[in-house]
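Everything below concerns the one structure shown next.
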Amino acid sequence: MTRNEMPLDVIWPRLIAIADEMATTMLRTAFSHDVVEVHDMSTGLLDSRGYLLAQTWLGATGHTGCMPAFGANLVSAFPPETVMPGDVFICNDPWLCNGQTADIFIVTPAFINERLIGFTVNTIHHVDIGGRKGSGLSEEVYEEGLIIPMLRLFTAGQENVDLFDMIRRNVRYSDKMIGDLRAQVATGWAGCRELERLCIEFDQIDLCAITDEVTARTEAGIRAGLLQLPDGQWEDELLMDIDGLEQPQPLKATVKIAGDSLSVDFTGTAAQVRRPVNCPINFTRAYVAVPMKMICDPSLPNNQGTYRPLDIVVPEGTLLNPSYPAACFWRLSAGMLVAELMFRIFGRIAPDRVPAESGSLPTWQFYVSGNRPNGDGYALHQHSYGGMGGRPGRDGLSAVSFPYNVRDVSIEWSEHETPVLYHARELIPDSGGAGAFRGGLGQQLTFEAYATGTKANQPLVFSGAAGRMRTPPQGFGGGGPGACSRIEVNGVPIAPTSSPEFSFKVGDVVRLSLPGGGGYGDPGNRTREAIRRDLKAGYITGEAAKRDYEFEE
């Protein structure tokens with residue numbers, strides 16, 4: 001079947017549907033809340049060259065955005081001629097995958113008549129991978145759990161029992177972790193079955209030819225969007241607070257648009273640090289691509305073509321391209337600020353397409369861990385979100401995952417899985433920045449541990465990634481800033497940090513206040529009706545209405 005004869009309008013959606021079916025398989029077979037509740041996972045399809053062909057819409061942005069780089073690393077380690085039917089590959093090396101040991105990639109090859117046609121790929125953020133349990137104090141990647149290089153988990157259909165045993169011995173919650181790993185294997189096999197069926201149905205089509213066509217269309221969409229923007233060069237920086245350092249550290253970018261190409265140079269970004277907030281380059285590239293895709297062509301599906309108009313330069317040994325063995329478990333603390341920095345620069349290029357700064361950048365993630373009275377360990381891995389910035393023509397969304405595309409853990413699941421009792425989970429009035437279009441509100445979580453579920457006299461440990469504790473999300477076009485974030489234990493704030501870690505005991509009340517998004521446009525241009533609606537909903541107080549909008553009734 002020639003390129004011109006391919007029914008692309010049928011095949012392209014079918015490929016995406018296969019990736020979605022893989023995601024559904026994973027959600028129905030996985031064990032941990034990281035998958036079932038949070039959707040901290042992703043699925044996709046690669047051709048035999050390792051090019052990203054399709055992905056699920058359910059996938060976490062930081063997973064799918066690294067698949068093109070991972071595909072290249074895969075075929076470099078396992079050239080297609082060495083791959084056999086029944087093989088399954090595994091890797092979580094932060095420098096080969098997506099920057100964090102907890103995220104494991106599983107790849108399964110698909111064959112027709114002994115001919116390799118492509119691969120299915122999927123990832124899961126595992127609830128444990130050993131090490132210091134997501135510690136905010138780790139100084140080297142060796143402290144962050146098992147590092148699995150590119151290996152065969154199955155060889156020609158035979159399970160690598162030794163590797164399974166090694167993984168099982170090195171993790172705390174082995175039943176869930178191995179259960180999730182086997183769900184990944186099942187997901188890969190399910191995707192291969194459907195991929196093979198599709199190729200047979202269309203007379204054994206060449207997936208490379210399909211890839212070339214769909215990626216060319218996505219690439220053309222991005223390039224057409226870049227051509228609508230002015231040529232030029234823009235510079236900006238964003239300061240990042242890091243635990244243990246007195247001064248905020250700069251993330252600096254120089255963006256250049258030349259016709260239908262975009263280059264980003266991060267020269268001037270601060271050096272890597274001995275904290276787990278360093279961001280390997282694959283994750284950095286992913287969060288450069290997200291704003292570019294949203295602004296230039298948000299409609300066509302994402303694949304390898306998205307990344308071809310993009311060139312990035314990141315000096316080695318910096319926060320955004322650290323050298324091994326840098327600690328990087330909470331790499332999103334720096335990596336997601338890359339997206340905010342790109343939005344800030346795009347705001348000067350295309351102000352009608354960019355939101356104000358968001359309290360959801362960076363996303364907060366944290367573990368609450370301890371032991372039950374019988375000694376069994378537990379860990380809750382939670383995501384929490386601030387408010388999105390106000391947008392051209394619309395208010396920002398409150399407490400939303402933007403642009404991360406994963407979910408919170410429900411209170412019900414949290415309380416069922418761990419002896420943590422939530423007092424409240426609520427939006428914070430007045431936390432969204434004032435503007436013609438108000439910033440989204442941050443959320444507040446208040447919780448404590450209860451004695452009957454916790455080992456006597458043992459404190460619990462809170463560890464994770466935070467942001468916006470000193471510098472609030474800024475408004476755009478005259479809009480006001482959102483509220484800063486804070487962490488309190490029994491009403492006493494802890495020191496601002498990007499990677500908090502502290503102990504608390506039964507009866508202590510922990511309160512997390514997430515930041516609000518910045519406002520968009522002059523607050524004086526907000527309609528009276530919108531202000532009344534905010535007052536009625538409790539999004540703003542009467543005092544804020546008078547102060548920010550000169551509104552009184």
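Letters A, B, ... go to the chains of the structure tokens in the order shown; residues in each chain start at 1; ligands are counted from 1 in the same order.
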Quick one: everything within 12 Å of A:Val338, counting only C-alpha atoms, minus sequence neighbours fewer than 5 positions away in the same chain. Send it as JSON, numbers by chain.
-> {"A": [236, 237, 238, 239, 240, 250, 251, 252, 253, 254, 264, 265, 266, 269, 279, 281, 283, 284, 285, 286, 287, 288, 289, 290, 291, 292, 314, 319, 320, 331, 332, 333, 343, 344, 345, 357, 361, 362, 403]}
Keeping N, CA and C atoms for every residue in the selection just given, could you write it to a file as an mmCIF file, in the first residue's frame?
data_model
loop_
_atom_site.group_PDB
_atom_site.id
_atom_site.type_symbol
_atom_site.label_atom_id
_atom_site.label_comp_id
_atom_site.auth_asym_id
_atom_site.auth_seq_id
_atom_site.Cartn_x
_atom_site.Cartn_y
_atom_site.Cartn_z
ATOM 1 N N ASP A 236 14.549 35.960 29.275
ATOM 2 C CA ASP A 236 13.902 36.174 30.569
ATOM 3 C C ASP A 236 14.469 35.152 31.546
ATOM 4 N N GLU A 237 14.178 35.358 32.814
ATOM 5 C CA GLU A 237 14.589 34.390 33.812
ATOM 6 C C GLU A 237 13.549 34.302 34.908
ATOM 7 N N LEU A 238 13.566 33.173 35.597
ATOM 8 C CA LEU A 238 12.656 32.933 36.695
ATOM 9 C C LEU A 238 13.496 32.440 37.862
ATOM 10 N N LEU A 239 13.271 32.991 39.040
ATOM 11 C CA LEU A 239 14.067 32.632 40.206
ATOM 12 C C LEU A 239 13.398 31.494 40.968
ATOM 13 N N MET A 240 14.210 30.531 41.389
ATOM 14 C CA MET A 240 13.725 29.332 42.062
ATOM 15 C C MET A 240 14.320 29.256 43.461
ATOM 16 N N PRO A 250 18.663 31.224 39.479
ATOM 17 C CA PRO A 250 17.998 31.590 38.230
ATOM 18 C C PRO A 250 17.854 30.421 37.252
ATOM 19 N N LEU A 251 16.698 30.350 36.623
ATOM 20 C CA LEU A 251 16.477 29.571 35.416
ATOM 21 C C LEU A 251 16.369 30.599 34.295
ATOM 22 N N LYS A 252 17.303 30.580 33.369
ATOM 23 C CA LYS A 252 17.362 31.622 32.349
ATOM 24 C C LYS A 252 17.199 31.015 30.969
ATOM 25 N N ALA A 253 16.400 31.674 30.122
ATOM 26 C CA ALA A 253 16.163 31.185 28.763
ATOM 27 C C ALA A 253 16.263 32.316 27.763
ATOM 28 N N THR A 254 16.880 32.008 26.641
ATOM 29 C CA THR A 254 16.886 32.892 25.481
ATOM 30 C C THR A 254 16.155 32.178 24.358
ATOM 31 N N VAL A 264 15.802 27.400 21.944
ATOM 32 C CA VAL A 264 15.820 27.886 23.330
ATOM 33 C C VAL A 264 17.178 27.551 23.925
ATOM 34 N N ASP A 265 17.852 28.569 24.440
ATOM 35 C CA ASP A 265 19.183 28.416 25.028
ATOM 36 C C ASP A 265 19.078 28.763 26.514
ATOM 37 N N PHE A 266 19.427 27.798 27.360
ATOM 38 C CA PHE A 266 19.314 27.988 28.803
ATOM 39 C C PHE A 266 20.652 28.370 29.441
ATOM 40 N N THR A 269 21.571 29.535 33.345
ATOM 41 C CA THR A 269 20.849 28.823 34.397
ATOM 42 C C THR A 269 21.824 28.361 35.477
ATOM 43 N N CYS A 279 16.857 18.748 37.167
ATOM 44 C CA CYS A 279 15.944 18.247 36.141
ATOM 45 C C CYS A 279 16.734 17.759 34.920
ATOM 46 N N ILE A 281 17.686 16.501 31.168
ATOM 47 C CA ILE A 281 17.338 17.265 29.970
ATOM 48 C C ILE A 281 16.079 16.760 29.264
ATOM 49 N N PHE A 283 13.261 15.794 30.516
ATOM 50 C CA PHE A 283 12.109 16.425 31.158
ATOM 51 C C PHE A 283 12.086 17.918 30.851
ATOM 52 N N THR A 284 13.273 18.539 30.814
ATOM 53 C CA THR A 284 13.351 19.952 30.445
ATOM 54 C C THR A 284 12.786 20.177 29.053
ATOM 55 N N ARG A 285 13.195 19.342 28.090
ATOM 56 C CA ARG A 285 12.703 19.482 26.720
ATOM 57 C C ARG A 285 11.183 19.318 26.658
ATOM 58 N N ALA A 286 10.646 18.386 27.430
ATOM 59 C CA ALA A 286 9.202 18.148 27.425
ATOM 60 C C ALA A 286 8.437 19.403 27.811
ATOM 61 N N TYR A 287 8.960 20.149 28.801
ATOM 62 C CA TYR A 287 8.231 21.315 29.272
ATOM 63 C C TYR A 287 8.588 22.595 28.523
ATOM 64 N N VAL A 288 9.509 22.504 27.570
ATOM 65 C CA VAL A 288 9.629 23.545 26.557
ATOM 66 C C VAL A 288 8.588 23.302 25.466
ATOM 67 N N ALA A 289 8.412 22.029 25.119
ATOM 68 C CA ALA A 289 7.507 21.672 24.023
ATOM 69 C C ALA A 289 6.045 21.931 24.362
ATOM 70 N N VAL A 290 5.653 21.765 25.627
ATOM 71 C CA VAL A 290 4.240 21.921 25.996
ATOM 72 C C VAL A 290 3.710 23.319 25.668
ATOM 73 N N PRO A 291 4.340 24.402 26.142
ATOM 74 C CA PRO A 291 3.838 25.731 25.771
ATOM 75 C C PRO A 291 3.894 25.986 24.266
ATOM 76 N N MET A 292 4.959 25.507 23.614
ATOM 77 C CA MET A 292 5.055 25.689 22.174
ATOM 78 C C MET A 292 3.873 25.038 21.461
ATOM 79 N N VAL A 314 21.183 23.311 26.565
ATOM 80 C CA VAL A 314 21.204 23.390 28.022
ATOM 81 C C VAL A 314 22.601 22.996 28.498
ATOM 82 N N LEU A 319 20.952 23.120 36.635
ATOM 83 C CA LEU A 319 19.690 22.629 37.191
ATOM 84 C C LEU A 319 18.820 21.939 36.141
ATOM 85 N N LEU A 320 18.959 22.339 34.868
ATOM 86 C CA LEU A 320 18.097 21.808 33.817
ATOM 87 C C LEU A 320 18.800 20.799 32.910
ATOM 88 N N ARG A 331 12.418 16.421 40.260
ATOM 89 C CA ARG A 331 12.884 17.249 39.143
ATOM 90 C C ARG A 331 11.805 18.170 38.629
ATOM 91 N N LEU A 332 10.531 17.882 38.940
ATOM 92 C CA LEU A 332 9.466 18.778 38.468
ATOM 93 C C LEU A 332 9.550 20.151 39.122
ATOM 94 N N SER A 333 10.214 20.260 40.281
ATOM 95 C CA SER A 333 10.334 21.571 40.923
ATOM 96 C C SER A 333 11.013 22.574 40.012
ATOM 97 N N PHE A 343 6.012 30.294 29.033
ATOM 98 C CA PHE A 343 4.776 31.070 28.938
ATOM 99 C C PHE A 343 5.062 32.561 29.134
ATOM 100 N N ARG A 344 5.973 32.864 30.066
ATOM 101 C CA ARG A 344 6.300 34.261 30.333
ATOM 102 C C ARG A 344 6.894 34.919 29.080
ATOM 103 N N ILE A 345 7.776 34.198 28.402
ATOM 104 C CA ILE A 345 8.380 34.745 27.188
ATOM 105 C C ILE A 345 7.366 34.803 26.055
ATOM 106 N N GLU A 357 0.609 33.760 35.174
ATOM 107 C CA GLU A 357 1.337 32.680 35.840
ATOM 108 C C GLU A 357 0.394 31.862 36.721
ATOM 109 N N LEU A 361 2.112 25.559 38.684
ATOM 110 C CA LEU A 361 3.471 25.402 38.165
ATOM 111 C C LEU A 361 4.459 25.909 39.209
ATOM 112 N N PRO A 362 5.180 25.062 39.908
ATOM 113 C CA PRO A 362 5.163 23.619 39.724
ATOM 114 C C PRO A 362 4.047 22.943 40.509
ATOM 115 N N PRO A 403 0.043 22.460 33.301
ATOM 116 C CA PRO A 403 -0.437 21.626 32.188
ATOM 117 C C PRO A 403 -0.086 20.162 32.380
#
Which stretch 27-86 of chain A residues have any atom within 10 Å of an atom of stretch 213-226 of chain A, and for each, what is the nearest pair of atoms with distance in Å to one decimal, counting only C-alpha atoms, rows sorted by chain and number, as CSV?
residue,atom,partner,partner_atom,distance
A:Tyr51,CA,A:Thr215,CA,9.1
A:Leu52,CA,A:Thr215,CA,8.5
A:Leu53,CA,A:Thr215,CA,7.2
A:Ala54,CA,A:Val214,CA,9.1
As an MDAnalysis selection string, list the residues of stretch 134-197 of chain A assigned to strand (DSSP E or B) by DSSP on the backbone atoms of this structure.
-> chainID A and resid 140 151:155 158:159
Check the smallest atom-to-atom distance from each of A:Ala19, A:Asp376, A:Arg193, A:Thr211 to A:Gly305 using only C-alpha atoms, then report the winner.
-> A:Thr211
Counting only C-alpha atoms, the option among A:Leu262, A:Met388, A:Ala209, A:Ile349 closest to A:Thr306 |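 Looking only at the distances to A:Thr306, the closest residue turns out to be A:Leu262.
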Excluding stretch 24-39 of chain A and residues on its chain fewer than 6 positions from it, collect all residues at most 10 Å away from it, counting only C-alpha atoms, and give them as a PyMOL selection string.
-> chain A and resi 18+56+58-60+122-127+173+175-188+190-191+380-383+405-410+413-414+417
Within 10 Å of stretch 460-480 of chain A, which residues of stretch 125-243 of chain A come that close, and what is the closest atom pair and distance in Å for each? Count only C-alpha atoms and give it as a Markdown table.
| residue | atom | partner | partner_atom | distance |
| --- | --- | --- | --- | --- |
| A:Arg132 | CA | A:Ser463 | CA | 9.9 |
| A:Lys133 | CA | A:Ser463 | CA | 8.3 |
| A:Gly134 | CA | A:Ser463 | CA | 6.5 |
| A:Ser135 | CA | A:Ser463 | CA | 5.5 |
| A:Gly136 | CA | A:Ser463 | CA | 5.7 |
| A:Leu137 | CA | A:Ser463 | CA | 8.7 |
| A:Leu238 | CA | A:Thr471 | CA | 9.9 |
| A:Leu239 | CA | A:Thr471 | CA | 8.4 |
| A:Met240 | CA | A:Gly467 | CA | 8.2 |
| A:Asp241 | CA | A:Arg470 | CA | 7.5 |
| A:Ile242 | CA | A:Gly467 | CA | 9.3 |
Would you mind reading off the distance between atom CA of A:Val492 and atom CA of A:Leu514, one decimal, in Å?
-> 16.0 Å
Name all residues at most 7 Å from A:Asp93 (count only C-alpha atoms; drop same-chain ones fewer than 6 positions away) and give them as a list of chain:residue names.
->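 Counting only the stated atoms, we get A:Thr101, A:Ile147, A:Ile148, A:Pro149.
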Restricting it to N, CA, C and O atoms, dump the selection as a PDB file, in the first residue's frame.
ATOM      1  N   THR A 101      13.631   8.190  39.195  1.00  0.00           N
ATOM      2  CA  THR A 101      13.726   6.735  39.355  1.00  0.00           C
ATOM      3  C   THR A 101      12.372   6.068  39.549  1.00  0.00           C
ATOM      4  O   THR A 101      12.210   4.889  39.209  1.00  0.00           O
ATOM      5  N   ILE A 147      18.177   2.051  40.294  1.00  0.00           N
ATOM      6  CA  ILE A 147      18.338   2.571  38.937  1.00  0.00           C
ATOM      7  C   ILE A 147      18.435   1.360  38.017  1.00  0.00           C
ATOM      8  O   ILE A 147      19.376   0.563  38.126  1.00  0.00           O
ATOM      9  N   ILE A 148      17.475   1.213  37.127  1.00  0.00           N
ATOM     10  CA  ILE A 148      17.415   0.067  36.226  1.00  0.00           C
ATOM     11  C   ILE A 148      17.847   0.524  34.841  1.00  0.00           C
ATOM     12  O   ILE A 148      17.152   1.325  34.209  1.00  0.00           O
ATOM     13  N   PRO A 149      18.988   0.068  34.362  1.00  0.00           N
ATOM     14  CA  PRO A 149      19.388   0.438  33.000  1.00  0.00           C
ATOM     15  C   PRO A 149      18.504  -0.264  31.975  1.00  0.00           C
ATOM     16  O   PRO A 149      17.575  -0.998  32.337  1.00  0.00           O
TER      17      PRO A 149
END
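Distance check against A:Glu159 using only C-alpha atoms: of A:Ala436, A:Ile295, A:Leu512, A:Val88, the minimum falls on A:Val88.
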